[in-house]
$ cat query_29.txt   # compact mmCIF, C-alpha atoms
# COMPACT_ATOMS: atom_id res chain seq x y z
CA MET A 1445 42.27 11.36 184.24
CA GLY A 1446 40.32 14.55 183.63
CA LYS A 1447 42.95 16.73 185.27
CA LYS A 1448 45.78 15.02 183.36
CA LEU A 1449 43.94 15.46 180.07
CA THR A 1450 43.45 19.13 180.79
CA ILE A 1451 47.17 19.58 181.46
CA VAL A 1452 48.09 17.73 178.25
CA LEU A 1453 45.73 19.83 176.20
CA ALA A 1454 47.12 23.01 177.74
CA LEU A 1455 50.67 21.94 176.87
CA VAL A 1456 49.65 21.13 173.31
CA LEU A 1457 47.96 24.51 172.96
CA ALA A 1458 50.99 26.32 174.36
CA LEU A 1459 53.30 24.44 172.00
CA ALA A 1460 51.08 25.34 169.04
CA MET A 1461 51.19 28.99 170.03
CA VAL A 1462 54.99 28.92 170.29
CA LEU A 1463 55.33 27.27 166.89
CA SER A 1464 52.90 29.76 165.39
CA ALA A 1465 54.90 32.66 166.79
CA CYS A 1466 58.10 31.23 165.31
CA LYS A 1467 56.56 30.80 161.86
CA PRO A 1468 57.89 33.50 159.48
CA ARG A 1469 55.30 36.06 158.52
CA PRO A 1470 54.40 36.27 154.82
CA VAL A 1471 56.34 38.99 153.06
CA GLU A 1472 54.06 41.87 152.18
CA PRO A 1473 54.02 42.79 148.48
CA ILE A 1474 54.89 46.27 147.29
CA LYS A 1475 51.72 47.65 145.78
CA ILE A 1476 51.97 49.97 142.76
CA GLY A 1477 48.75 51.46 141.45
CA PHE A 1478 47.71 52.11 137.88
CA VAL A 1479 44.97 54.58 136.94
CA GLY A 1480 43.83 54.75 133.33
CA PRO A 1481 40.95 54.23 130.89
CA ILE A 1482 40.67 50.44 130.92
CA THR A 1483 37.18 50.87 129.51
CA GLY A 1484 35.58 53.74 127.60
CA LYS A 1485 36.61 55.73 124.54
CA TRP A 1486 40.35 55.60 125.33
CA ALA A 1487 40.42 51.96 126.46
CA TYR A 1488 42.93 51.10 123.74
CA GLU A 1489 45.57 53.16 125.54
CA GLY A 1490 44.67 52.11 129.09
CA GLU A 1491 44.60 48.42 128.28
CA GLY A 1492 47.98 48.62 126.57
CA MET A 1493 49.58 50.53 129.42
CA LEU A 1494 48.38 47.95 131.92
CA LYS A 1495 49.74 45.08 129.82
CA VAL A 1496 53.17 46.72 129.76
CA ILE A 1497 53.22 47.41 133.50
CA LYS A 1498 52.13 43.86 134.35
CA LEU A 1499 54.85 42.41 132.12
CA LEU A 1500 57.59 44.52 133.70
CA ALA A 1501 56.33 43.73 137.22
CA LYS A 1502 56.40 40.03 136.36
CA GLN A 1503 60.01 40.35 135.24
CA VAL A 1504 61.04 42.10 138.46
CA ASN A 1505 59.29 39.44 140.53
CA GLU A 1506 60.97 36.63 138.60
CA GLN A 1507 64.30 38.26 139.42
CA GLY A 1508 63.56 38.13 143.13
CA GLY A 1509 61.51 41.24 143.75
CA LEU A 1510 62.61 44.33 145.67
CA LEU A 1511 63.76 45.20 149.18
CA GLY A 1512 64.87 41.72 150.15
CA GLY A 1513 62.42 39.66 148.18
CA ARG A 1514 59.14 41.59 148.29
CA LYS A 1515 57.08 41.00 145.16
CA ILE A 1516 55.39 43.78 143.24
CA GLU A 1517 51.61 43.73 143.03
CA ILE A 1518 49.94 45.93 140.41
CA VAL A 1519 46.65 47.40 141.59
CA PRO A 1520 44.67 48.79 138.63
CA CYS A 1521 41.79 51.24 138.77
CA ASP A 1522 39.65 52.09 135.74
CA ASP A 1523 38.90 55.81 135.48
CA LYS A 1524 37.00 55.27 132.17
CA GLY A 1525 38.61 58.47 130.85
CA GLU A 1526 36.49 60.55 133.24
CA ALA A 1527 37.87 63.10 135.70
CA SER A 1528 35.46 62.23 138.51
CA GLU A 1529 36.36 58.54 138.27
CA ALA A 1530 40.07 59.39 138.35
CA ALA A 1531 39.65 61.21 141.66
CA LEU A 1532 37.78 58.21 143.09
CA CYS A 1533 40.62 55.95 141.93
CA GLY A 1534 43.01 58.09 143.96
CA ASP A 1535 41.00 57.40 147.13
CA LYS A 1536 40.67 53.69 146.33
CA LEU A 1537 44.39 53.22 145.74
CA ALA A 1538 45.28 55.16 148.87
CA ALA A 1539 43.05 52.75 150.83
CA GLU A 1540 44.93 49.87 149.18
CA LYS A 1541 48.16 51.42 150.56
CA VAL A 1542 49.94 51.63 147.23
CA VAL A 1543 53.42 53.19 147.39
CA ALA A 1544 53.15 54.86 143.98
CA VAL A 1545 50.69 55.38 141.13
CA ILE A 1546 51.22 55.32 137.36
CA GLY A 1547 48.64 57.41 135.50
CA SER A 1548 46.38 58.64 134.31
CA TYR A 1549 46.29 58.77 130.51
CA ALA A 1550 44.55 62.09 129.84
CA SER A 1551 45.51 65.39 131.44
CA THR A 1552 41.84 65.99 132.25
CA CYS A 1553 41.92 62.90 134.49
CA THR A 1554 45.43 63.32 135.83
CA GLU A 1555 44.65 66.79 137.20
CA PRO A 1556 42.04 65.69 139.82
CA LEU A 1557 43.96 62.45 140.48
CA SER A 1558 47.13 64.37 141.30
CA LYS A 1559 45.25 66.54 143.80
CA VAL A 1560 44.07 63.46 145.71
CA LEU A 1561 47.46 61.76 145.62
CA ASN A 1562 49.18 64.93 146.76
CA GLU A 1563 46.87 65.07 149.79
CA LYS A 1564 47.70 61.41 150.51
CA ASN A 1565 51.41 62.01 149.84
CA ILE A 1566 51.72 59.20 147.28
CA LEU A 1567 54.31 59.26 144.49
CA GLN A 1568 52.72 59.67 141.04
CA ILE A 1569 54.16 59.42 137.53
CA THR A 1570 51.98 60.05 134.49
CA PRO A 1571 53.19 58.52 131.24
CA SER A 1572 51.05 60.59 128.89
CA SER A 1573 49.46 63.69 130.42
CA THR A 1574 51.33 66.52 128.73
CA ALA A 1575 49.42 69.65 129.75
CA THR A 1576 51.88 72.20 131.14
CA VAL A 1577 49.49 73.24 133.91
CA LEU A 1578 49.88 69.91 135.71
CA THR A 1579 53.33 70.69 137.07
CA GLU A 1580 52.50 74.30 137.92
CA LYS A 1581 50.77 73.22 141.15
CA GLY A 1582 53.95 72.60 143.13
CA TYR A 1583 53.27 68.95 143.97
CA LYS A 1584 56.65 67.56 145.06
CA GLN A 1585 55.69 63.90 144.49
CA PHE A 1586 54.37 64.39 140.92
CA PHE A 1587 56.48 63.44 137.88
CA ARG A 1588 55.98 62.49 134.22
CA THR A 1589 57.92 60.47 131.69
CA CYS A 1590 56.24 62.16 128.71
CA PHE A 1591 57.16 65.56 127.27
CA LEU A 1592 55.14 68.76 127.60
CA ASP A 1593 52.72 70.45 125.22
CA ASP A 1594 54.77 73.63 124.96
CA LYS A 1595 57.66 71.67 123.44
CA GLN A 1596 55.39 69.86 121.00
CA GLY A 1597 53.67 73.16 120.16
CA LEU A 1598 57.00 74.80 119.38
CA PHE A 1599 58.06 71.82 117.29
CA ALA A 1600 54.83 71.89 115.26
CA ALA A 1601 54.88 75.67 114.79
CA GLU A 1602 58.44 75.70 113.47
CA PHE A 1603 57.58 72.83 111.14
CA PHE A 1604 54.60 74.74 109.67
CA ILE A 1605 56.74 77.83 109.09
CA LYS A 1606 59.46 75.71 107.49
CA LYS A 1607 56.87 74.16 105.16
CA GLY A 1608 55.76 77.64 104.05
CA TRP A 1609 52.26 77.31 105.51
CA LYS A 1610 51.44 80.97 106.24
CA LYS A 1611 47.84 80.52 107.43
CA ALA A 1612 46.84 77.95 110.03
CA ALA A 1613 43.71 76.75 111.82
CA PHE A 1614 44.10 75.32 115.34
CA ILE A 1615 41.24 73.04 116.41
CA HIS A 1616 41.02 71.55 119.93
CA ASP A 1617 38.32 69.92 122.07
CA ASN A 1618 38.44 72.09 125.20
CA SER A 1619 40.19 69.33 127.17
CA THR A 1620 43.14 70.39 129.32
CA TYR A 1621 45.59 68.69 126.99
CA ALA A 1622 44.15 69.65 123.60
CA LYS A 1623 43.43 73.27 124.41
CA GLY A 1624 46.88 73.70 125.94
CA LEU A 1625 48.67 72.21 122.94
CA ALA A 1626 46.65 74.36 120.51
CA GLU A 1627 47.41 77.51 122.49
CA TRP A 1628 51.13 76.79 122.63
CA ALA A 1629 51.32 75.96 118.91
CA LYS A 1630 49.36 79.11 118.01
CA LYS A 1631 51.60 81.29 120.19
CA TYR A 1632 54.84 80.02 118.68
CA TYR A 1633 53.40 80.01 115.15
CA GLU A 1634 52.40 83.67 115.34
CA GLU A 1635 55.72 84.64 116.97
CA ARG A 1636 57.43 83.20 113.90
CA GLY A 1637 55.30 85.12 111.42
CA GLY A 1638 52.37 82.76 110.84
CA THR A 1639 48.75 83.94 110.76
CA THR A 1640 46.00 82.15 112.68
CA VAL A 1641 42.81 82.26 110.62
CA LEU A 1642 40.76 80.01 112.92
CA PHE A 1643 41.12 78.96 116.58
CA ASP A 1644 38.12 76.93 117.70
CA ALA A 1645 36.95 73.83 119.54
CA ILE A 1646 34.86 70.81 118.67
CA THR A 1647 32.64 69.00 121.16
CA GLN A 1648 34.06 65.63 122.24
CA GLY A 1649 31.94 62.76 120.99
CA GLU A 1650 30.17 64.85 118.35
CA GLN A 1651 29.01 62.76 115.41
CA ASP A 1652 28.51 65.52 112.83
CA PHE A 1653 31.41 67.91 112.30
CA THR A 1654 29.84 69.71 109.35
CA PRO A 1655 29.60 73.08 111.19
CA MET A 1656 33.30 73.00 112.05
CA LEU A 1657 34.25 71.87 108.54
CA THR A 1658 32.24 74.78 107.14
CA LYS A 1659 34.24 77.17 109.33
CA ILE A 1660 37.51 75.62 108.21
CA LYS A 1661 36.55 75.85 104.56
CA ALA A 1662 35.58 79.52 104.94
CA ALA A 1663 38.83 80.39 106.77
CA ALA A 1664 40.86 78.73 103.98
CA PRO A 1665 44.01 77.90 105.98
CA ASP A 1666 47.07 76.25 104.48
CA VAL A 1667 47.09 73.76 107.33
CA VAL A 1668 44.78 72.48 110.08
CA TYR A 1669 46.39 71.38 113.35
CA PHE A 1670 43.93 69.21 115.31
CA THR A 1671 45.07 68.69 118.90
CA GLY A 1672 42.23 66.53 120.27
CA TYR A 1673 42.05 62.76 120.70
CA HIS A 1674 42.05 60.11 118.00
CA PRO A 1675 38.33 59.11 117.99
CA ASP A 1676 37.23 62.68 117.24
CA GLY A 1677 40.22 63.38 115.01
CA GLY A 1678 39.55 60.33 112.88
CA LEU A 1679 35.89 61.24 112.41
CA LEU A 1680 36.66 64.91 111.65
CA LEU A 1681 39.16 63.80 109.02
CA LYS A 1682 36.75 61.25 107.53
CA GLN A 1683 33.91 63.75 107.16
CA GLY A 1684 36.26 66.47 105.90
CA TYR A 1685 37.55 64.11 103.23
CA GLU A 1686 34.02 63.21 102.18
CA GLN A 1687 33.10 66.92 101.92
CA GLY A 1688 36.22 67.82 99.91
CA VAL A 1689 37.86 69.93 102.64
CA PHE A 1690 40.82 67.55 102.98
CA PRO A 1691 43.36 66.94 101.51
CA LYS A 1692 42.89 70.24 99.67
CA ILE A 1693 43.79 71.73 103.03
CA GLN A 1694 46.62 69.87 104.77
CA PHE A 1695 45.38 68.01 107.87
CA THR A 1696 47.85 67.59 110.73
CA ALA A 1697 47.31 66.37 114.28
CA GLY A 1698 48.99 66.17 117.67
CA ASN A 1699 50.25 63.12 119.52
CA ALA A 1700 46.82 62.06 120.83
CA CYS A 1701 46.10 60.94 117.24
CA ASN A 1702 49.20 58.78 117.16
CA ASN A 1703 47.08 55.67 117.26
CA PRO A 1704 46.10 52.96 114.74
CA GLU A 1705 42.43 53.55 115.57
CA PHE A 1706 42.79 57.10 114.17
CA ILE A 1707 43.46 55.61 110.73
CA GLU A 1708 40.72 52.98 111.10
CA ILE A 1709 38.12 55.62 111.94
CA ALA A 1710 39.20 58.06 109.20
CA GLY A 1711 39.62 55.38 106.57
CA LYS A 1712 42.78 54.58 104.67
CA GLU A 1713 42.11 57.00 101.78
CA ALA A 1714 41.27 59.97 103.98
CA ALA A 1715 44.29 59.35 106.21
CA GLU A 1716 46.79 59.14 103.35
CA GLY A 1717 49.31 62.00 103.61
CA VAL A 1718 48.12 63.23 107.02
CA LEU A 1719 50.94 64.40 109.29
CA VAL A 1720 51.06 63.74 113.04
CA SER A 1721 53.49 65.31 115.51
CA THR A 1722 54.46 62.83 118.18
CA GLU A 1723 57.14 61.05 120.11
CA PRO A 1724 58.68 58.16 118.08
CA LEU A 1725 56.56 55.04 117.72
CA PRO A 1726 57.75 51.99 119.67
CA GLY A 1727 59.13 50.21 116.60
CA ASP A 1728 61.25 53.27 115.72
CA LEU A 1729 62.95 53.52 119.10
CA PRO A 1730 66.62 52.72 118.40
CA TYR A 1731 67.71 51.99 121.97
CA PRO A 1732 68.83 48.51 123.11
CA GLU A 1733 66.46 48.68 126.09
CA ALA A 1734 63.55 49.40 123.74
CA LYS A 1735 64.40 46.60 121.34
CA LYS A 1736 64.66 44.02 124.14
CA PHE A 1737 61.41 45.25 125.67
CA ILE A 1738 59.56 44.97 122.35
CA GLU A 1739 60.79 41.40 121.92
CA ASP A 1740 59.68 40.55 125.46
CA PHE A 1741 56.28 42.11 124.80
CA LYS A 1742 55.84 40.15 121.56
CA LYS A 1743 56.77 36.93 123.37
CA GLU A 1744 54.27 37.64 126.18
CA TYR A 1745 51.33 38.92 124.16
CA GLY A 1746 51.96 37.85 120.56
CA GLU A 1747 51.98 41.39 119.21
CA GLU A 1748 54.15 44.49 119.21
CA PRO A 1749 53.31 47.41 121.48
CA ALA A 1750 51.48 49.80 119.17
CA SER A 1751 51.38 53.03 121.14
CA ILE A 1752 54.23 55.14 122.46
CA TRP A 1753 52.10 55.84 125.55
CA TRP A 1754 52.24 52.18 126.48
CA VAL A 1755 56.05 52.37 126.45
CA MET A 1756 56.00 55.64 128.38
CA ALA A 1757 53.99 53.77 131.05
CA GLY A 1758 56.77 51.19 131.10
CA ASP A 1759 59.27 53.96 131.73
CA ALA A 1760 57.13 55.26 134.60
CA PHE A 1761 57.19 51.79 136.18
CA LYS A 1762 60.95 51.46 135.75
CA VAL A 1763 61.57 54.89 137.30
CA ILE A 1764 59.52 53.91 140.37
CA VAL A 1765 61.46 50.65 140.71
CA GLU A 1766 64.73 52.54 140.40
CA ALA A 1767 63.65 54.99 143.11
CA ILE A 1768 62.77 52.12 145.46
CA LYS A 1769 66.11 50.45 144.84
CA ALA A 1770 68.16 53.62 145.20
CA THR A 1771 66.50 54.73 148.43
CA ASN A 1772 66.02 51.19 149.75
CA SER A 1773 62.61 52.41 150.74
CA THR A 1774 59.03 52.96 149.67
CA ASP A 1775 58.84 56.29 151.49
CA THR A 1776 57.34 58.88 149.15
CA ASN A 1777 59.45 61.76 150.42
CA LYS A 1778 62.70 59.83 150.02
CA MET A 1779 61.81 58.61 146.52
CA ALA A 1780 60.68 62.06 145.37
CA GLU A 1781 63.79 63.70 146.75
CA TYR A 1782 65.93 61.12 144.95
CA LEU A 1783 64.16 61.68 141.63
CA HIS A 1784 64.47 65.44 141.92
CA THR A 1785 68.16 65.55 142.87
CA GLN A 1786 70.06 62.35 142.07
CA PHE A 1787 68.23 60.50 139.30
CA LYS A 1788 70.26 61.15 136.12
CA ASN A 1789 70.82 59.60 132.68
CA TYR A 1790 68.69 56.51 133.24
CA PRO A 1791 68.48 54.12 130.23
CA GLY A 1792 64.72 54.31 129.66
CA LEU A 1793 62.71 52.38 127.09
CA THR A 1794 61.94 55.62 125.22
CA GLY A 1795 65.54 56.76 125.33
CA PRO A 1796 67.86 58.11 128.01
CA ILE A 1797 65.93 59.85 130.76
CA ILE A 1798 68.25 62.75 131.47
CA GLY A 1799 66.45 63.55 134.70
CA PHE A 1800 63.57 65.61 136.05
CA ASP A 1801 63.49 69.34 136.64
CA GLU A 1802 62.36 71.00 139.86
CA LYS A 1803 58.71 70.67 138.77
CA GLY A 1804 58.95 66.94 138.01
CA ASP A 1805 58.97 67.33 134.22
CA ARG A 1806 61.20 65.09 132.13
CA LEU A 1807 64.13 66.99 130.64
CA GLY A 1808 64.74 67.09 126.86
CA THR A 1809 62.41 66.37 123.94
CA ILE A 1810 62.13 63.72 121.22
CA HIS A 1811 59.23 64.93 119.02
CA LYS A 1812 59.08 64.25 115.29
CA PHE A 1813 56.48 64.22 112.50
CA TYR A 1814 55.02 61.06 111.00
CA VAL A 1815 53.15 60.82 107.72
CA ILE A 1816 50.45 58.22 107.06
CA LYS A 1817 51.19 56.05 104.02
CA ASP A 1818 49.16 53.01 103.00
CA GLY A 1819 47.43 52.96 106.34
CA LYS A 1820 50.60 53.14 108.45
CA PHE A 1821 52.53 55.79 110.33
CA VAL A 1822 55.91 56.40 108.66
CA PRO A 1823 58.62 58.79 109.92
CA TYR A 1824 58.47 62.00 107.87
CA GLU A 1825 61.85 63.00 106.48

$ encode --input "query_29.txt" --output "structure tokens"
Amino acid sequence: MGKKLTIVLALVLALAMVLSACKPRPVEPIKIGFVGPITGKWAYEGEGMLKVIKLLAKQVNEQGGLLGGRKIEIVPCDDKGEASEAALCGDKLAAEKVVAVIGSYASTCTEPLSKVLNEKNILQITPSSTATVLTEKGYKQFFRTCFLDDKQGLFAAEFFIKKGWKKAAFIHDNSTYAKGLAEWAKKYYEERGGTTVLFDAITQGEQDFTPMLTKIKAAAPDVVYFTGYHPDGGLLLKQGYEQGVFPKIQFTAGNACNNPEFIEIAGKEAAEGVLVSTEPLPGDLPYPEAKKFIEDFKKEYGEEPASIWWVMAGDAFKVIVEAIKATNSTDTNKMAEYLHTQFKNYPGLTGPIIGFDEKGDRLGTIHKFYVIKDGKFVPYE
């Protein structure tokens, strides 16, 4: 009996092994990473970007996924708006074997992140890092769906000249983005006959801007162009209003102040009449793709997407999906080659994406000025 039992057990075990071998393996998901400030001073932007990306990934998965049914898995990493954390996120996502990364938000974080991802040969698309220096490094797998600081600087400079503002102050925060935008705007402004009476930087996170406001008052410009981020911009405006510097001097800001929190921090009265150069806000995007997306977002989250950077993140996701579909692959080299040479006139959420140049920068520009009225951003005519 013992020998027979042993034979039976061996047969059962062999049968189990055969059945196990025949069982289809689970389909591996396609992992796409997201790096951004999910916490910290810029959390508003990072949280919104992640919500958009998750919604779009959900839609792709509900439609059957990619590459024969593989689902998309979003792998987020919080860089807290800090450069050192962004570099660590690059290592973490590489270990997770992501096929592409969306992010980061700030140029200061995207710069070290792109270095890591370039070494790992992972496709990267930033939705919001606009510093021109980022695409001067020759990384073949690096792209962006936003537009560059030089184009925004030119747009702002020509606007100031058109308004008859002959003296300008350019205030940045020494970040890669803000300093770059201020330098470009100053360059183009002076080339067109304007005079720079003050070019200086604040310290990020400073709580008392009285010294800077004293400098601005002494320089007596017609216009101040603040190119830093919305928390500092809102506080600078608030304190300048309280000290009588603004609106006697026109306060304007770059697209990092295109944010409802900028108005909340400054206060409704101080913000009234302030001008902000930026890409169009989500609700002003006239494209069918944008309108459908906004409706889907409202249905999913019960609110409209408030920041253009959230929508730019959506475009980054859609470009990655398109590259995977077109190349039938998740190979970085194939996707990057496709985006550089064949990707043209794609119907993005923020308008047609004409294509990318040899550096990976999005072609074209869509900047415009908004004025703040009654606590809201309104297109400036």

$ residues_near_point --input "query_29.txt" --point "(52.0, 60.5, 112.4)" --cutoff "7 Å" --atoms "only C-alpha atoms" --output "PyMOL selection string"
chain A and resi 1702+1719-1722+1813-1816+1821-1822

$ atom_distance --input "query_29.txt" --atom1 "atom CA of A:Lys1769" --atom2 "atom CA of A:Gly1792"
15.7 Å

$ residues_near_point --input "query_29.txt" --point "(45.3, 66.7, 109.1)" --cutoff "9 Å" --atoms "all atoms listed in the file" --output "list in words"
Val1667, Val1668, Tyr1669, Phe1670, Gly1677, Leu1681, Phe1690, Pro1691, Ile1693, Gln1694, Phe1695, Thr1696, Ala1697, Ala1715, Gly1717, Val1718, Leu1719 and Val1720 of chain A

$ write_last_selection --input "query_29.txt" --atoms "C-alpha atoms" --output "compact mmCIF listing (two decimals), keeping the file's coordinate frame"
# COMPACT_ATOMS: atom_id res chain seq x y z
CA VAL A 1667 47.09 73.76 107.33
CA VAL A 1668 44.78 72.48 110.08
CA TYR A 1669 46.39 71.38 113.35
CA PHE A 1670 43.93 69.21 115.31
CA GLY A 1677 40.22 63.38 115.01
CA LEU A 1681 39.16 63.80 109.02
CA PHE A 1690 40.82 67.55 102.98
CA PRO A 1691 43.36 66.94 101.51
CA ILE A 1693 43.79 71.73 103.03
CA GLN A 1694 46.62 69.87 104.77
CA PHE A 1695 45.38 68.01 107.87
CA THR A 1696 47.85 67.59 110.73
CA ALA A 1697 47.31 66.37 114.28
CA ALA A 1715 44.29 59.35 106.21
CA GLY A 1717 49.31 62.00 103.61
CA VAL A 1718 48.12 63.23 107.02
CA LEU A 1719 50.94 64.40 109.29
CA VAL A 1720 51.06 63.74 113.04

$ atom_distance --input "query_29.txt" --atom1 "atom CA of A:Tyr1782" --atom2 "atom CA of A:Asp1740"
29.0 Å

$ atom_distance --input "query_29.txt" --atom1 "atom CA of A:Tyr1633" --atom2 "atom CA of A:Phe1604"
7.7 Å

$ residues_around --input "query_29.txt" --residues "A:Lys1788" --least-positions-apart "5" --cutoff "10 Å" --atoms "all atoms listed in the file" --output "number ranges by chain"
A: 1782-1783, 1796-1800

$ decode --input "query_29.txt" --residues "stretch 1524-1606 of chain A" --atoms "C-alpha atoms" --output "short mmCIF file (atom, residue, chain, number, x, y, z; two decimals), in the first residue's frame"
data_model
loop_
_atom_site.label_atom_id
_atom_site.label_comp_id
_atom_site.auth_asym_id
_atom_site.auth_seq_id
_atom_site.Cartn_x
_atom_site.Cartn_y
_atom_site.Cartn_z
CA LYS A 1524 8.42 67.77 -1.90
CA GLY A 1525 9.62 70.51 -4.26
CA GLU A 1526 13.24 69.77 -3.33
CA ALA A 1527 16.00 69.01 -5.82
CA SER A 1528 17.67 66.33 -3.70
CA GLU A 1529 14.38 64.47 -3.28
CA ALA A 1530 13.75 64.64 -7.03
CA ALA A 1531 17.04 62.89 -7.74
CA LEU A 1532 16.14 60.16 -5.22
CA CYS A 1533 12.78 59.74 -6.94
CA GLY A 1534 14.65 59.06 -10.18
CA ASP A 1535 16.49 56.15 -8.54
CA LYS A 1536 13.33 54.82 -6.90
CA LEU A 1537 11.32 54.85 -10.12
CA ALA A 1538 14.15 53.22 -12.06
CA ALA A 1539 14.11 50.41 -9.46
CA GLU A 1540 10.35 50.12 -10.02
CA LYS A 1541 11.12 49.61 -13.75
CA VAL A 1542 8.90 52.41 -14.99
CA VAL A 1543 8.94 52.91 -18.77
CA ALA A 1544 8.53 56.70 -18.57
CA VAL A 1545 8.32 59.51 -16.03
CA ILE A 1546 6.10 62.60 -15.93
CA GLY A 1547 7.66 65.45 -13.95
CA SER A 1548 8.79 67.25 -12.07
CA TYR A 1549 6.92 70.51 -11.47
CA ALA A 1550 9.75 72.97 -10.85
CA SER A 1551 12.81 73.37 -13.07
CA THR A 1552 15.00 73.23 -9.96
CA CYS A 1553 13.76 69.67 -9.35
CA THR A 1554 13.54 68.57 -12.96
CA GLU A 1555 17.22 69.35 -13.58
CA PRO A 1556 18.68 66.71 -11.18
CA LEU A 1557 15.84 64.29 -11.99
CA SER A 1558 16.62 64.45 -15.70
CA LYS A 1559 20.29 63.66 -15.03
CA VAL A 1560 19.33 60.45 -13.20
CA LEU A 1561 16.76 59.40 -15.78
CA ASN A 1562 19.20 60.07 -18.60
CA GLU A 1563 21.72 57.74 -16.95
CA LYS A 1564 18.97 55.10 -16.61
CA ASN A 1565 17.75 55.77 -20.18
CA ILE A 1566 14.14 56.37 -19.15
CA LEU A 1567 11.78 58.58 -21.18
CA GLN A 1568 10.86 61.79 -19.32
CA ILE A 1569 8.31 64.51 -20.06
CA THR A 1570 7.97 67.53 -17.78
CA PRO A 1571 4.65 69.35 -17.93
CA SER A 1572 5.77 72.57 -16.27
CA SER A 1573 9.54 73.06 -16.04
CA THR A 1574 10.17 75.90 -18.47
CA ALA A 1575 13.81 76.86 -17.87
CA THR A 1576 15.62 76.94 -21.21
CA VAL A 1577 18.74 75.32 -19.74
CA LEU A 1578 16.97 71.98 -19.27
CA THR A 1579 17.07 71.06 -22.94
CA GLU A 1580 20.60 72.36 -23.49
CA LYS A 1581 22.07 69.17 -21.99
CA GLY A 1582 21.50 66.99 -25.05
CA TYR A 1583 19.36 64.34 -23.33
CA LYS A 1584 17.66 62.47 -26.18
CA GLN A 1585 14.88 61.02 -24.00
CA PHE A 1586 13.85 64.35 -22.40
CA PHE A 1587 10.76 66.26 -23.60
CA ARG A 1588 8.28 68.84 -22.28
CA THR A 1589 4.71 69.75 -23.04
CA CYS A 1590 5.04 73.26 -21.60
CA PHE A 1591 6.58 76.25 -23.36
CA LEU A 1592 9.95 77.84 -22.59
CA ASP A 1593 10.87 80.89 -20.54
CA ASP A 1594 12.45 82.72 -23.47
CA LYS A 1595 9.11 82.75 -25.29
CA GLN A 1596 7.24 83.95 -22.21
CA GLY A 1597 9.95 86.55 -21.58
CA LEU A 1598 9.63 87.89 -25.11
CA PHE A 1599 5.85 87.96 -24.80
CA ALA A 1600 5.98 89.89 -21.51
CA ALA A 1601 8.64 92.34 -22.74
CA GLU A 1602 6.70 93.25 -25.86
CA PHE A 1603 3.56 93.69 -23.77
CA PHE A 1604 5.34 96.14 -21.41
CA ILE A 1605 6.65 98.17 -24.34
CA LYS A 1606 3.20 98.20 -25.94
#
